[in-house]
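Q: Before I ask anything, here is the structure I am working with.
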Number of protein chains: 2
Amino acid sequence: MTKTSRRVDKEEHILDCALNVFAAHGFRGSTLDQIAQEAGLSKPNLLYYFKGKEDIHRRLLSRLLENWLAPLHQLDPAGDPLAEIRGYIQRKLEMARDYPRESRLFANEMLRGAPHVSEELQDLRGLVEEKSAILKGWMDEGRMARVDPKHLIFSIWATTQHYADFDVQVRTVLGDEGKGDGRFHDAARFLDHLFIKGVSPPQQP
Amino acid sequence: MTKTSRRVDKEEHILDCALNVFAAHGFRGSTLDQIAQEAGLSKPNLLYYFKGKEDIHRRLLSRLLENWLAPLHQLDPAGDPLAEIRGYIQRKLEMARDYPRESRLFANEMLRGAPHVSEELQDLRGLVEEKSAILKGWMDEGRMARVDPKHLIFSIWATTQHYADFDVQVRTVLGDEGKGDGRFHDAARFLDHLFIKGVSPPQQP
DNA sequence: AGACAGTTTGACCAAGTGATCAAAGGTTTG
DNA sequence: CAAACCTTTGATCACTTGGTCAAACTGTCT
């Protein structure tokens, strides 16, 4: 194991621990001491690997956005409209289930007005523009219902991320139903029904 | 104007200013100095009216929850299923438009795991249970599609609150389209279509 | 062993923060 | 007017927090 690879591993470990802390308490609510303790090292040692609190946060956000956009990237213009949308919803819901920390980190940043990712949001805009055009094309071909493509995408984001960001609320309301991972299965069934009905072309019932 | 009414007015003003600050920066991210400055008084003066930072925050949250549940309370078992759901979505979207600060305050609290409103969430649970039973009844009568009522409610919450909580993202993605309040009109149209299609009974196309 | 780069830490600092308090400034009431 | 009460504030405190630094420690290579 080389020197640099050990350093990379350690940085990775620190970032993972920092994600725990930032996702749970937000940027201002998290302290370097917390992160250092979570990672099992001293605060000066933590600052040996990263320039500062903001450096850690920014690094987490930038790596997050890559993965965050991946599911939408996969939306294939050559595929079947309903199947593509169905697949996108499923992937997004899986991300909410498997990466809730990332979802909360992102939600935190949006709530604060995205002070650290204002330029990256522009990429997002371009991507949505591109995928909206695909959806628009499908609508023009009569292969799906004519709806506002951007608001469709917003709704998919909102409904899926809700299960990560508002997890406490969801589990409280569901009570015992919400104990295991079953709520994600139920959510998948419901969202599939909701959106497929919503985007199915009017001629075919 | 009596002594107590002037005091009440001032407390009201402070709470309003505190809402600005808390909604924008979260609990940990907000400082008493910020709130005091926003309200135009000194920090000790602020603490003359409220016991402390947490007191202000808790008061905001408890008053918020009353209004927050109101739209769902209005869901009338005697009404027409589709019209009731349509009305609920509209009311919820109007709240996101007219009370974004409240929505963000609530979102912040949920993201942190609801440390200050754990017991109030139980009321929410009861309310959702009650309204889910109504929806269930409508489904049994064949007046709406058979879907998971709680996840339906979650989806309505998620999609409407998204426009308040993720406002930066929404406006960035929409670009110039999102400048005025037009995005709420488009959202209303889309969500109406989505949910009405989603909950319409299968027999009637 | 010893030189050397990489790593870790205790001690420390300056700024910020929630909160207190006694004293001063106003307002109402007798 | 003056007493009683309500409101406001400057000064101050204890504590947290992001960040620094020199010294010590570790492992590796010759």
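How things are named: the first chain in the structure tokens is A, the next is B, and so on; residues count from 1 in each chain; ligands count from 1 in the order shown.
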If the cut-off is 10 Å, can you tell me the residues of chain D near chain B, counting only C-alpha atoms (C1' of nucleotides)? I'd like them as JSON, numbers by chain.
A: {"D": [6, 7, 8, 9, 10]}
Q: Restrict the selected residues to N, CA and C atoms (P, O5', C5', C4', C3', O3' and C1' of nucleotides) and save them as a PDB file, in the first residue's frame.
A:
ATOM      1  P    DC D   6     -45.333  45.351  35.818  1.00  0.00           P
ATOM      2  O5'  DC D   6     -44.747  45.871  34.423  1.00  0.00           O
ATOM      3  C5'  DC D   6     -45.531  46.757  33.634  1.00  0.00           C
ATOM      4  C4'  DC D   6     -44.648  47.417  32.589  1.00  0.00           C
ATOM      5  C3'  DC D   6     -43.866  46.444  31.701  1.00  0.00           C
ATOM      6  O3'  DC D   6     -44.159  46.724  30.341  1.00  0.00           O
ATOM      7  C1'  DC D   6     -42.459  48.162  32.520  1.00  0.00           C
ATOM      8  P    DT D   7     -43.586  45.797  29.169  1.00  0.00           P
ATOM      9  O5'  DT D   7     -42.231  46.546  28.790  1.00  0.00           O
ATOM     10  C5'  DT D   7     -42.316  47.852  28.211  1.00  0.00           C
ATOM     11  C4'  DT D   7     -40.938  48.426  28.012  1.00  0.00           C
ATOM     12  C3'  DT D   7     -40.007  47.638  27.087  1.00  0.00           C
ATOM     13  O3'  DT D   7     -39.686  48.482  25.994  1.00  0.00           O
ATOM     14  C1'  DT D   7     -38.873  48.381  29.025  1.00  0.00           C
ATOM     15  P    DT D   8     -38.859  47.950  24.751  1.00  0.00           P
ATOM     16  O5'  DT D   8     -37.368  48.352  25.136  1.00  0.00           O
ATOM     17  C5'  DT D   8     -37.052  49.727  25.274  1.00  0.00           C
ATOM     18  C4'  DT D   8     -35.614  49.885  25.713  1.00  0.00           C
ATOM     19  C3'  DT D   8     -34.581  49.081  24.905  1.00  0.00           C
ATOM     20  O3'  DT D   8     -33.752  49.990  24.208  1.00  0.00           O
ATOM     21  C1'  DT D   8     -34.152  48.976  27.250  1.00  0.00           C
ATOM     22  P    DT D   9     -32.624  49.439  23.198  1.00  0.00           P
ATOM     23  O5'  DT D   9     -31.333  49.439  24.128  1.00  0.00           O
ATOM     24  C5'  DT D   9     -31.033  50.594  24.897  1.00  0.00           C
ATOM     25  C4'  DT D   9     -29.837  50.335  25.784  1.00  0.00           C
ATOM     26  C3'  DT D   9     -28.707  49.535  25.132  1.00  0.00           C
ATOM     27  O3'  DT D   9     -27.482  50.194  25.336  1.00  0.00           O
ATOM     28  C1'  DT D   9     -29.242  48.635  27.238  1.00  0.00           C
ATOM     29  P    DG D  10     -26.383  50.245  24.233  1.00  0.00           P
ATOM     30  O5'  DG D  10     -25.057  50.366  25.121  1.00  0.00           O
ATOM     31  C5'  DG D  10     -25.022  51.293  26.205  1.00  0.00           C
ATOM     32  C4'  DG D  10     -24.083  50.784  27.280  1.00  0.00           C
ATOM     33  C3'  DG D  10     -22.788  50.171  26.760  1.00  0.00           C
ATOM     34  O3'  DG D  10     -21.698  50.598  27.573  1.00  0.00           O
ATOM     35  C1'  DG D  10     -23.999  48.542  28.027  1.00  0.00           C
TER      36       DG D  10
END
Q: Can you pull out the residues contacting stretch 164-166 of chain B? Cut-off 6 Å, using only C-alpha atoms (C1' of nucleotides), and skip same-chain residues under 3 positions away; I want them as a PyMOL selection string.
A: (chain A and resi 110-111) or (chain B and resi 96+100+104+161+169)
Q: With only C-alpha atoms as the atoms that count, which of B:Glu130, B:Asp186, B:Glu119, B:Glu11 lies nearest to A:His151?
A: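 Nearest candidate to A:His151 out of B:Glu130, B:Asp186, B:Glu119, B:Glu11: B:Asp186.
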Q: Please identify every residue of chain C that has at least one atom no more than 10 Å from any atom of chain A, counting only C-alpha atoms (C1' of nucleotides), and report them as a list of chain:residue names.
A: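 Here is what falls inside 10 Å: C:DG6, C:DT7, C:DT8, C:DT9, C:DG10.
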Q: Could you list, as a PyMOL selection string, every residue of chain A that has an atom within 6 Å of an atom of chain B, counting only C-alpha atoms?
A: chain A and resi 24+28-29+110-113+125+155+158-159+162+165-166+168+173+194+197-198
